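Enquirer: Sharing protein_2.txt below, compact mmCIF, C-alpha atoms and all ligand atoms:
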```
# COMPACT_ATOMS: atom_id res chain seq x y z
CA MET J 1 114.32 64.87 100.97
CA ASP J 2 112.39 68.02 101.97
CA GLU J 3 108.67 68.37 101.36
CA THR J 4 107.50 70.37 98.36
CA ILE J 5 104.61 72.75 97.78
CA LEU J 6 103.80 73.32 94.10
CA VAL J 7 102.35 76.70 93.06
CA VAL J 8 100.54 76.92 89.71
CA ASN J 9 99.61 80.14 87.94
CA CYS J 10 97.92 79.52 84.58
CA GLY J 11 97.47 82.64 82.41
CA SER J 12 95.67 82.82 79.09
CA SER J 13 98.77 81.72 77.12
CA SER J 14 101.31 80.98 79.85
CA ILE J 15 101.99 78.89 82.95
CA LYS J 16 104.21 79.90 85.84
CA LEU J 17 105.18 77.17 88.31
CA ALA J 18 107.08 77.48 91.56
CA LEU J 19 108.32 74.95 94.11
CA PHE J 20 108.58 75.88 97.79
CA ASP J 21 110.05 73.88 100.66
CA SER J 22 108.27 73.35 103.97
CA ASN J 23 109.80 76.59 105.31
CA HIS J 24 108.23 78.39 102.37
CA HIS J 25 111.54 79.12 100.70
CA LYS J 26 111.38 79.02 96.92
CA LYS J 27 113.40 76.09 95.52
CA ALA J 28 112.74 76.50 91.80
CA SER J 29 110.48 78.12 89.25
CA ALA J 30 109.55 77.60 85.64
CA LEU J 31 107.69 79.36 82.86
CA ALA J 32 105.89 78.17 79.72
CA GLU J 33 104.87 80.84 77.21
CA ARG J 34 102.97 81.28 73.94
CA LEU J 35 100.97 78.14 74.62
CA ASN J 36 98.72 76.85 71.82
CA GLN J 37 101.00 78.60 69.33
CA SER J 38 103.64 77.16 67.01
CA ASP J 39 106.46 78.82 68.97
CA ALA J 40 105.35 77.61 72.41
CA SER J 41 108.35 77.39 74.74
CA ALA J 42 109.20 76.44 78.32
CA ARG J 43 112.16 76.69 80.63
CA ILE J 44 113.18 76.20 84.23
CA SER J 45 114.68 79.35 85.78
CA GLY J 46 118.45 79.27 85.76
CA ASP J 47 118.61 76.51 83.10
CA GLN J 48 120.09 77.31 79.70
CA ALA J 49 118.41 74.43 77.87
CA PRO J 50 114.68 74.84 77.17
CA VAL J 51 112.24 72.14 78.27
CA GLN J 52 111.04 70.29 75.15
CA LEU J 53 107.33 70.77 74.38
CA PRO J 54 105.12 69.15 71.75
CA GLU J 55 104.26 71.45 68.84
CA ASN J 56 101.44 73.89 69.70
CA ALA J 57 101.64 72.61 73.28
CA CYS J 58 98.51 73.26 75.34
CA HIS J 59 98.43 74.14 79.06
CA GLU J 60 98.10 70.51 80.15
CA GLN J 61 101.02 69.32 78.01
CA ALA J 62 103.23 72.18 79.19
CA LEU J 63 102.35 71.51 82.83
CA GLN J 64 103.19 67.81 82.45
CA ALA J 65 106.48 68.62 80.71
CA LEU J 66 107.52 71.12 83.38
CA VAL J 67 106.64 68.79 86.28
CA GLN J 68 108.61 66.03 84.53
CA ALA J 69 111.54 68.43 84.11
CA PHE J 70 111.41 69.30 87.84
CA GLU J 71 111.42 65.56 88.62
CA ASP J 72 114.32 64.88 86.22
CA ARG J 73 116.36 67.49 88.10
CA ASN J 74 115.42 66.02 91.49
CA LEU J 75 113.74 69.26 92.49
CA MET J 76 110.39 67.80 93.53
CA GLY J 77 111.52 65.50 96.34
CA GLY J 78 108.70 63.06 95.56
CA LYS J 79 105.08 64.12 95.23
CA PRO J 80 104.12 67.60 96.44
CA VAL J 81 102.45 67.74 99.88
CA SER J 82 100.09 70.44 98.64
CA ILE J 83 99.37 72.38 95.46
CA GLY J 84 98.24 76.00 95.37
CA HIS J 85 96.51 77.47 92.33
CA ARG J 86 96.03 81.11 91.51
CA VAL J 87 92.40 81.58 90.46
CA VAL J 88 91.45 84.99 89.12
CA HIS J 89 87.72 85.28 89.90
CA GLY J 90 85.99 83.93 92.98
CA GLY J 91 82.93 86.17 92.65
CA GLU J 92 80.99 86.41 95.92
CA SER J 93 81.39 82.65 96.50
CA PHE J 94 84.91 82.85 97.93
CA ARG J 95 85.98 85.22 100.71
CA GLU J 96 89.20 83.27 101.23
CA ALA J 97 91.30 80.44 99.81
CA VAL J 98 89.65 76.98 99.76
CA LEU J 99 90.59 73.33 99.47
CA ILE J 100 89.53 72.29 95.99
CA ASP J 101 86.78 69.66 95.80
CA ASP J 102 84.10 69.08 93.15
CA LYS J 103 81.89 71.74 94.73
CA ALA J 104 84.69 74.33 94.55
CA VAL J 105 85.37 73.40 90.90
CA LYS J 106 81.67 73.96 90.09
CA ALA J 107 81.72 77.36 91.80
CA ILE J 108 84.89 78.38 89.93
CA GLU J 109 83.17 77.31 86.69
CA THR J 110 80.19 79.50 87.58
CA CYS J 111 82.50 82.49 88.18
CA ALA J 112 83.98 81.97 84.70
CA ALA J 113 81.12 84.05 83.29
CA LEU J 114 82.79 87.03 85.03
CA ALA J 115 86.35 86.14 83.88
CA PRO J 116 86.04 84.21 80.62
CA LEU J 117 89.71 84.63 79.71
CA HIS J 118 91.06 83.52 83.07
CA ASN J 119 88.93 81.08 85.10
CA PRO J 120 88.71 78.44 82.33
CA VAL J 121 92.52 78.22 82.06
CA ASN J 122 92.84 78.22 85.85
CA LEU J 123 90.50 75.20 85.82
CA ILE J 124 92.61 73.48 83.17
CA GLY J 125 95.59 73.81 85.53
CA ILE J 126 93.54 72.42 88.44
CA GLN J 127 92.29 69.43 86.42
CA ALA J 128 95.80 68.72 85.09
CA THR J 129 97.42 68.63 88.54
CA ARG J 130 94.50 66.60 89.93
CA LYS J 131 95.31 64.02 87.24
CA LEU J 132 99.04 64.11 87.92
CA PHE J 133 98.74 64.05 91.73
CA PRO J 134 95.28 62.63 92.55
CA ASP J 135 95.91 62.24 96.30
CA CYS J 136 97.48 65.64 96.88
CA PRO J 137 95.40 68.39 98.56
CA GLN J 138 94.87 71.29 96.17
CA VAL J 139 94.00 74.82 97.16
CA ALA J 140 92.54 77.72 95.16
CA VAL J 141 93.70 81.23 96.06
CA PHE J 142 91.53 83.94 94.49
CA ASP J 143 92.59 87.38 93.24
CA THR J 144 89.19 88.69 94.28
CA ALA J 145 88.88 87.14 97.78
CA PHE J 146 90.80 89.84 99.69
CA HIS J 147 88.38 92.47 98.37
CA GLN J 148 85.23 90.69 99.57
CA THR J 149 85.38 92.99 102.62
CA LEU J 150 84.56 96.06 100.51
CA PRO J 151 81.47 97.80 101.92
CA PRO J 152 78.44 98.15 99.60
CA LYS J 153 79.14 101.86 99.11
CA ALA J 154 82.46 100.88 97.54
CA TYR J 155 81.38 97.85 95.53
CA LEU J 156 78.02 98.99 94.14
CA TYR J 157 77.77 100.76 90.82
CA ALA J 158 75.01 103.34 90.60
CA LEU J 159 72.99 101.10 88.26
CA PRO J 160 69.52 99.59 88.62
CA GLU J 161 69.78 97.41 91.72
CA ARG J 162 68.53 94.30 89.83
CA TYR J 163 71.77 94.24 87.79
CA TYR J 164 73.61 93.43 90.98
CA ARG J 165 70.91 91.13 92.37
CA ASP J 166 70.27 89.13 89.19
CA TRP J 167 73.59 89.27 87.36
CA GLY J 168 76.24 90.00 89.99
CA VAL J 169 77.17 93.34 88.41
CA ARG J 170 79.36 94.97 91.10
CA ARG J 171 82.97 95.87 91.75
CA TYR J 172 85.03 92.80 92.76
CA GLY J 173 88.65 94.02 92.59
CA PHE J 174 91.73 91.98 91.67
CA HIS J 175 95.43 91.60 92.61
CA GLY J 176 94.13 90.77 96.10
CA THR J 177 96.99 88.37 96.84
CA SER J 178 99.55 91.07 96.15
CA HIS J 179 97.72 93.78 98.12
CA TYR J 180 97.35 91.35 101.04
CA PHE J 181 101.09 90.64 100.94
CA MET J 182 101.72 94.41 101.01
CA VAL J 183 99.85 94.83 104.27
CA LEU J 184 101.71 91.86 105.83
CA GLU J 185 105.08 93.26 104.74
CA THR J 186 104.30 96.85 105.69
CA ALA J 187 103.22 95.70 109.15
CA ARG J 188 106.48 93.77 109.55
CA ARG J 189 108.57 96.74 108.48
CA LEU J 190 106.69 99.20 110.71
CA ASN J 191 106.75 96.81 113.69
CA LYS J 192 102.98 96.55 113.75
CA THR J 193 100.45 93.76 113.35
CA PRO J 194 98.59 93.45 110.02
CA ALA J 195 95.30 93.88 111.91
CA THR J 196 96.35 97.39 112.99
CA THR J 197 97.99 98.46 109.73
CA SER J 198 96.37 100.82 107.22
CA ILE J 199 97.92 101.43 103.82
CA ILE J 200 97.27 102.49 100.26
CA SER J 201 98.89 99.85 98.09
CA ALA J 202 99.66 100.45 94.39
CA HIS J 203 100.38 97.27 92.40
CA LEU J 204 101.87 98.46 89.11
CA GLY J 205 102.75 95.66 86.66
CA ASN J 206 101.28 94.96 83.24
CA GLY J 207 97.97 95.23 85.05
CA CYS J 208 97.71 98.00 87.64
CA SER J 209 95.46 98.50 90.65
CA ILE J 210 95.43 100.46 93.89
CA THR J 211 93.77 99.42 97.15
CA ALA J 212 92.87 101.18 100.39
CA ILE J 213 93.42 98.83 103.33
CA GLU J 214 92.30 99.75 106.85
CA ASP J 215 93.35 97.62 109.80
CA GLY J 216 94.34 94.84 107.41
CA ILE J 217 91.02 94.87 105.55
CA SER J 218 90.40 95.95 101.96
CA LYS J 219 88.05 98.95 101.95
CA ASP J 220 88.20 100.03 98.32
CA THR J 221 90.09 99.19 95.18
CA SER J 222 90.39 100.55 91.66
CA MET J 223 89.54 97.47 89.58
CA GLY J 224 85.86 96.62 89.27
CA LEU J 225 83.62 94.02 87.67
CA THR J 226 86.60 93.17 85.48
CA PRO J 227 90.31 94.06 85.67
CA LEU J 228 89.75 96.88 83.15
CA GLU J 229 88.55 99.60 85.53
CA GLY J 230 90.76 102.15 87.24
CA LEU J 231 94.37 102.95 86.53
CA VAL J 232 96.08 103.24 83.14
CA MET J 233 97.79 99.89 82.40
CA GLY J 234 100.12 98.39 79.78
CA THR J 235 97.44 97.77 77.17
CA ARG J 236 94.27 98.50 79.19
CA SER J 237 92.62 101.91 79.24
CA GLY J 238 91.43 101.90 82.85
CA ASP J 239 88.52 104.34 83.45
CA VAL J 240 86.73 105.73 80.43
CA ASP J 241 83.36 107.45 80.07
CA PRO J 242 80.73 104.69 79.62
CA GLY J 243 79.20 107.01 76.99
CA LEU J 244 82.21 106.09 74.86
CA PHE J 245 80.60 102.81 73.78
CA ASP J 246 77.58 104.50 72.24
CA TYR J 247 79.79 106.99 70.49
CA LEU J 248 82.11 104.28 69.16
CA ALA J 249 79.06 102.33 67.94
CA SER J 250 78.00 105.40 65.96
CA ARG J 251 81.43 105.25 64.34
CA GLY J 252 81.00 101.58 63.41
CA VAL J 253 83.02 100.05 66.28
CA ASN J 254 80.95 97.18 67.70
CA ALA J 255 81.02 95.92 71.30
CA SER J 256 83.56 93.14 70.75
CA GLN J 257 85.88 95.45 68.81
CA ALA J 258 85.60 98.05 71.58
CA HIS J 259 86.37 95.34 74.15
CA ARG J 260 89.54 94.40 72.24
CA VAL J 261 90.64 98.03 71.84
CA LEU J 262 90.12 98.85 75.53
CA ASN J 263 91.85 95.68 76.75
CA GLN J 264 94.62 95.13 74.24
CA GLU J 265 95.29 98.31 72.29
CA SER J 266 94.94 101.08 74.86
CA GLY J 267 96.83 102.15 77.99
CA LEU J 268 100.53 102.89 77.61
CA LEU J 269 100.59 101.13 74.23
CA GLY J 270 97.66 103.10 72.85
CA LEU J 271 98.92 106.48 74.06
CA SER J 272 102.55 106.01 73.00
CA GLY J 273 101.83 104.14 69.78
CA GLN J 274 105.03 102.21 70.57
CA THR J 275 105.03 99.88 73.53
CA ASN J 276 103.18 98.67 76.62
CA ASP J 277 106.48 98.14 78.43
CA MET J 278 107.17 100.93 80.93
CA ARG J 279 110.93 100.46 80.89
CA SER J 280 111.04 100.88 77.10
CA LEU J 281 108.65 103.80 77.37
CA CYS J 282 110.95 105.60 79.85
CA GLU J 283 113.87 105.08 77.46
CA LEU J 284 111.86 106.46 74.54
CA ALA J 285 110.82 109.46 76.64
CA ASP J 286 114.47 110.04 77.63
CA HIS J 287 115.27 110.24 73.91
CA GLY J 288 112.63 112.92 73.38
CA HIS J 289 109.75 110.77 72.10
CA GLU J 290 106.84 113.03 73.04
CA PRO J 291 103.95 110.52 72.85
CA SER J 292 105.87 108.32 75.31
CA GLU J 293 106.36 111.28 77.65
CA LEU J 294 102.66 111.99 77.43
CA ALA J 295 101.76 108.35 78.11
CA ILE J 296 103.88 108.50 81.28
CA ASP J 297 102.20 111.79 82.29
CA VAL J 298 98.73 110.28 81.92
CA PHE J 299 99.78 107.13 83.81
CA CYS J 300 101.23 109.05 86.78
CA TYR J 301 98.47 111.64 86.95
CA ARG J 302 95.73 108.97 86.99
CA LEU J 303 97.63 107.07 89.66
CA ALA J 304 98.06 110.19 91.80
CA LYS J 305 94.34 110.97 91.50
CA TYR J 306 93.58 107.46 92.76
CA PHE J 307 95.98 107.82 95.69
CA GLY J 308 93.97 110.90 96.65
CA ALA J 309 90.64 109.13 96.09
CA MET J 310 91.64 106.14 98.22
CA MET J 311 92.25 108.48 101.18
CA ALA J 312 88.47 109.05 101.28
CA SER J 313 87.93 105.44 102.37
CA LEU J 314 90.41 105.47 105.27
CA ASN J 315 90.28 106.94 108.77
CA ARG J 316 93.94 106.29 109.34
CA LEU J 317 96.97 105.78 107.12
CA ASP J 318 100.33 104.24 108.02
CA ALA J 319 102.00 104.20 104.60
CA LEU J 320 101.73 104.50 100.83
CA VAL J 321 103.21 101.42 99.17
CA PHE J 322 104.51 100.80 95.64
CA THR J 323 104.88 97.28 94.21
CA GLY J 324 104.80 95.30 90.92
CA GLY J 325 107.40 95.54 88.13
CA ILE J 326 106.89 99.30 87.66
CA GLY J 327 106.27 100.16 91.31
CA GLU J 328 109.37 98.26 92.47
CA ASN J 329 111.75 99.39 89.74
CA SER J 330 110.86 102.79 88.38
CA ALA J 331 112.09 105.71 90.51
CA ARG J 332 110.86 108.04 87.79
CA ILE J 333 107.24 106.84 87.92
CA ARG J 334 107.19 106.97 91.72
CA ALA J 335 108.65 110.49 91.76
CA GLN J 336 106.35 111.82 89.07
CA THR J 337 103.30 110.35 90.84
CA ILE J 338 104.16 111.58 94.32
CA GLN J 339 104.90 115.08 92.95
CA HIS J 340 101.15 115.48 92.42
CA LEU J 341 100.53 114.81 96.12
CA SER J 342 102.51 117.69 97.63
CA LEU J 343 99.29 119.35 98.83
CA LEU J 344 98.74 116.28 101.03
CA GLY J 345 102.21 116.77 102.54
CA ILE J 346 103.69 113.66 100.92
CA GLY J 347 107.22 113.82 99.50
CA LEU J 348 110.06 111.52 98.46
CA ASP J 349 113.74 111.47 99.35
CA ALA J 350 115.40 111.57 95.91
CA ASP J 351 118.34 109.44 97.00
CA LEU J 352 116.31 106.75 98.72
CA ASN J 353 113.90 106.69 95.79
CA ALA J 354 116.74 106.30 93.29
CA HIS J 355 117.97 103.30 95.28
CA HIS J 356 114.42 101.84 95.52
CA GLY J 357 114.63 102.11 99.29
CA GLN J 358 117.22 99.34 99.41
CA PHE J 359 119.06 100.85 102.38
CA SER J 360 116.01 101.66 104.47
CA GLU J 361 113.70 98.60 104.59
CA GLY J 362 111.92 100.07 101.56
CA HIS J 363 111.35 103.61 102.88
CA ILE J 364 111.60 106.30 100.19
CA GLY J 365 109.65 109.17 101.82
CA ASP J 366 111.48 112.34 102.82
CA ALA J 367 111.92 113.39 106.45
CA ASP J 368 108.95 115.81 106.25
CA SER J 369 106.55 113.47 104.48
CA ARG J 370 103.25 113.29 106.35
CA PHE J 371 103.06 109.57 105.62
CA PRO J 372 105.83 107.02 105.04
CA VAL J 373 106.21 105.87 101.42
CA LEU J 374 107.56 102.35 100.83
CA VAL J 375 108.75 100.18 97.95
CA ILE J 376 108.04 96.49 98.66
CA PRO J 377 108.67 93.64 96.20
CA THR J 378 105.52 91.57 95.84
CA ASP J 379 105.49 87.78 96.18
CA GLU J 380 102.11 86.36 95.24
CA GLU J 381 103.56 82.85 94.87
CA LEU J 382 104.71 82.88 98.48
CA VAL J 383 101.21 83.82 99.68
CA ILE J 384 99.73 80.99 97.58
CA ALA J 385 102.30 78.50 98.95
CA ARG J 386 101.50 79.55 102.55
CA GLU J 387 97.76 79.23 101.95
CA ALA J 388 98.23 75.84 100.28
CA SER J 389 100.16 74.41 103.21
CA ARG J 390 97.90 76.05 105.83
CA LEU J 391 94.73 74.54 104.34
CA ALA J 392 96.36 71.19 103.55
CA ASN J 393 97.58 70.89 107.15
CA ALA J 394 94.19 71.89 108.54
CA ASN J 395 92.61 69.12 106.49
P1 LIG J 401 103.15 91.27 85.37
O1 LIG J 401 101.95 92.10 85.67
O2 LIG J 401 103.08 90.62 84.03
O3 LIG J 401 103.60 90.36 86.50
P2 LIG J 401 105.45 92.86 86.17
O4 LIG J 401 104.96 93.06 87.56
O5 LIG J 401 106.66 92.02 85.96
O6 LIG J 401 104.31 92.35 85.19
O7 LIG J 401 105.71 94.32 85.56
C1 LIG J 401 106.06 94.50 84.24
C2 LIG J 401 106.25 96.00 84.01
O8 LIG J 401 107.31 96.47 84.85
C3 LIG J 401 106.67 96.31 82.56
O9 LIG J 401 105.97 97.44 82.08
C4 LIG J 401 108.14 96.63 82.72
O10 LIG J 401 108.64 97.49 81.73
C5 LIG J 401 108.12 97.33 84.08
N1 LIG J 401 109.48 97.48 84.62
C6 LIG J 401 110.34 96.53 85.04
N2 LIG J 401 111.54 97.09 85.38
C7 LIG J 401 111.41 98.43 85.14
C8 LIG J 401 112.27 99.57 85.26
N3 LIG J 401 113.51 99.44 85.71
N4 LIG J 401 111.78 100.78 84.94
C9 LIG J 401 110.51 100.93 84.47
N5 LIG J 401 109.66 99.91 84.34
C10 LIG J 401 110.09 98.68 84.66
```
Once more with this new file: its structure as structure tokens, please.
Expert:
Amino acid sequence: MDETILVVNCGSSSIKLALFDSNHHKKASALAERLNQSDASARISGDQAPVQLPENACHEQALQALVQAFEDRNLMGGKPVSIGHRVVHGGESFREAVLIDDKAVKAIETCAALAPLHNPVNLIGIQATRKLFPDCPQVAVFDTAFHQTLPPKAYLYALPERYYRDWGVRRYGFHGTSHYFMVLETARRLNKTPATTSIISAHLGNGCSITAIEDGISKDTSMGLTPLEGLVMGTRSGDVDPGLFDYLASRGVNASQAHRVLNQESGLLGLSGQTNDMRSLCELADHGHEPSELAIDVFCYRLAKYFGAMMASLNRLDALVFTGGIGENSARIRAQTIQHLSLLGIGLDADLNAHHGQFSEGHIGDADSRFPVLVIPTDEELVIAREASRLANAN
């Protein structure tokens, strides 16, 4: 039986698991959703029957049930040889993935102050798999690590310096695993090495961020201290005037209410009043729903502004890259965004764009475009699996 690498991605109310073989091909995946709620559910991809969970199943129970279900279907091939965990915030402690030991767990706990919704559940996943597979090497792969190369001029806010020194207030950036994969894949498609490849990578899913990468190294990115800064997202506002908080307070909206509004009730959902789902929003706009049209306009315009802004951090550019559920699948969003960049000499081929670059290794730019434009499906799980086996083998 082939060796297995288990990849664990614990979100605030969900768990995604994936199994890879020793050649890093995905063998199976599974998802548990609405955890800690009465309608918690879990299933293995491709299976009709759901995996049974206890009522109000927590992360640990769901993880156990899914691992058991993998075993029942003979998908595990014995114990995993390594386990890779997605961890959202590594602060300044982690510049790259690490083998998890007690010291690493402590450091991830410390970083939880910066990501209170994410790091604690990531740790629950780590503790649960340590219990299930005590002898198996476990690796943490951080969303922030790829951005630890940002220069001070990109990561410092113009605040009193002591806020950074004493409290770690700075820009960290997220989605690093996906942006890193984009530079690997772009390099492969352009017949270059990652270390000589410079791109602007837009990861557009429920969360959205854009990163300037020069010679394989992250130079600037749109998310900041938290994943709220930058682009318009499904339910997150992205950039707002910090003066907003004072004004909202004068209207009786306190800090925790403002936090909820900006994180959960804003973005595409807030603007459209209908949905945070871009596909549904495009359908509504097609049927003449004006607030949805406007939400799309704001989304694309903000994104285009950030493409322009990211050029300031690069000396060289090989390609603009779209990824994530929206970036990979929405020809409309790509076209409407790139339209704003005509002054920079960037244009799309309508046909290639409509086909998501499927016939051209992802290329969707037109023949005259000053820079290639690519659509590349992201695969964060693959990066985590590779890191898990690299560090486990080096052990
Ligand atoms: P997550 O950040 O949760 O991983 P995804 O990367 O899967 O999310 O992206 C989800 C987003 O992608 C949703 O807004 C969804 O509507 C959007 N999306 C998926 N397919 C399409 C499509 N064909 N057209 C427009 N948006 C799409």
Enquirer: Point out the residue among J:Gly273, J:Pro291, J:Gly125, J:Gly84 with the least atom-to-atom distance to Ile5 in chain J, counting all atoms listed in the file.
Expert: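 Closest residue, counting all atoms listed in the file: J:Gly84.
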Enquirer: Using only C-alpha atoms, I'd like a table of the residues in range 249-298 of chain J that come within 12 Å of range 199-222 of chain J; for each, show the closest atom pair and its distance in Å rounded to one decimal, ordered by chain and ascending number, as JSON lines.
Expert:
```
{"residue": "J:Asn263", "atom": "CA", "partner": "J:Gly207", "partner_atom": "CA", "distance": 10.3}
{"residue": "J:Gln264", "atom": "CA", "partner": "J:Asn206", "partner_atom": "CA", "distance": 11.2}
{"residue": "J:Gly267", "atom": "CA", "partner": "J:Gly207", "partner_atom": "CA", "distance": 10.0}
{"residue": "J:Leu268", "atom": "CA", "partner": "J:Asn206", "partner_atom": "CA", "distance": 9.8}
{"residue": "J:Leu269", "atom": "CA", "partner": "J:Asn206", "partner_atom": "CA", "distance": 10.9}
{"residue": "J:Thr275", "atom": "CA", "partner": "J:Asn206", "partner_atom": "CA", "distance": 11.5}
{"residue": "J:Asn276", "atom": "CA", "partner": "J:Asn206", "partner_atom": "CA", "distance": 7.8}
{"residue": "J:Asp277", "atom": "CA", "partner": "J:Asn206", "partner_atom": "CA", "distance": 7.8}
{"residue": "J:Met278", "atom": "CA", "partner": "J:Asn206", "partner_atom": "CA", "distance": 8.7}
{"residue": "J:Arg279", "atom": "CA", "partner": "J:Gly205", "partner_atom": "CA", "distance": 11.1}
```
Enquirer: Taking only C-alpha atoms into account, which of J:Gly46, J:Gly324, J:Gly168, J:Pro151 comes nearest Ser93 in chain J?
Expert: J:Gly168
Enquirer: Measure the distance from CA of Ser13 in chain J to CA of Leu228 in chain J in Å and round it to one decimal.
Expert: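 Between CA of Ser13 in chain J and CA of Leu228 in chain J the gap works out to 18.6 Å.
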Enquirer: Which of these, J:Glu283, J:Glu290, J:Glu60, J:Asp368, has the shortest distance to ligand LIG 401 (chain J) once you count all atoms listed in the file?
Expert: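 Looking only at the distances to ligand LIG 401 (chain J), the closest residue turns out to be J:Glu283.
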Enquirer: Quick one: of J:Ser292, J:Thr226, J:Gln68, J:Gln257, who's nearest to Gln274 in chain J, counting only C-alpha atoms?
Expert: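 The answer is J:Ser292, which sits nearest to Gln274 in chain J.
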Enquirer: For a test of reading the model, state the distance in Å between CA of Pro160 in chain J and CA of Pro227 in chain J, rounded to one decimal.
Expert: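 Here the two named atoms are 21.7 Å from each other.
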Enquirer: Box for ligand LIG 401 (chain J): with edges along x, y and z, all listed atoms inside and 8 Å added on each side, what are the centre and edge lengths in Å to one decimal, as JSON?
Expert:
```
{"center_x": 107.7, "center_y": 95.6, "center_z": 84.6, "size_x": 27.6, "size_y": 26.6, "size_z": 21.8}
```
Enquirer: Using only C-alpha atoms, which protein or nucleic acid residues come within 8 Å of Met76 in chain J? Drop anything in the same chain fewer than 3 positions from it, and give the result as a PyMOL selection string.
Expert: chain J and resi 4+19+70-71+79-80
Enquirer: List the neighbours of Leu132 in chain J out to 10 Å using all atoms listed in the file; skip same-chain residues closer than 6 positions along the sequence, and give me the result as a CSV table (one decimal) with C-alpha atoms, keeping the file's coordinate frame.
Expert:
```
chain,number,residue,atom,x,y,z
J,63,LEU,CA,102.4,71.5,82.8
J,64,GLN,CA,103.2,67.8,82.4
J,67,VAL,CA,106.6,68.8,86.3
J,79,LYS,CA,105.1,64.1,95.2
J,126,ILE,CA,93.5,72.4,88.4
```
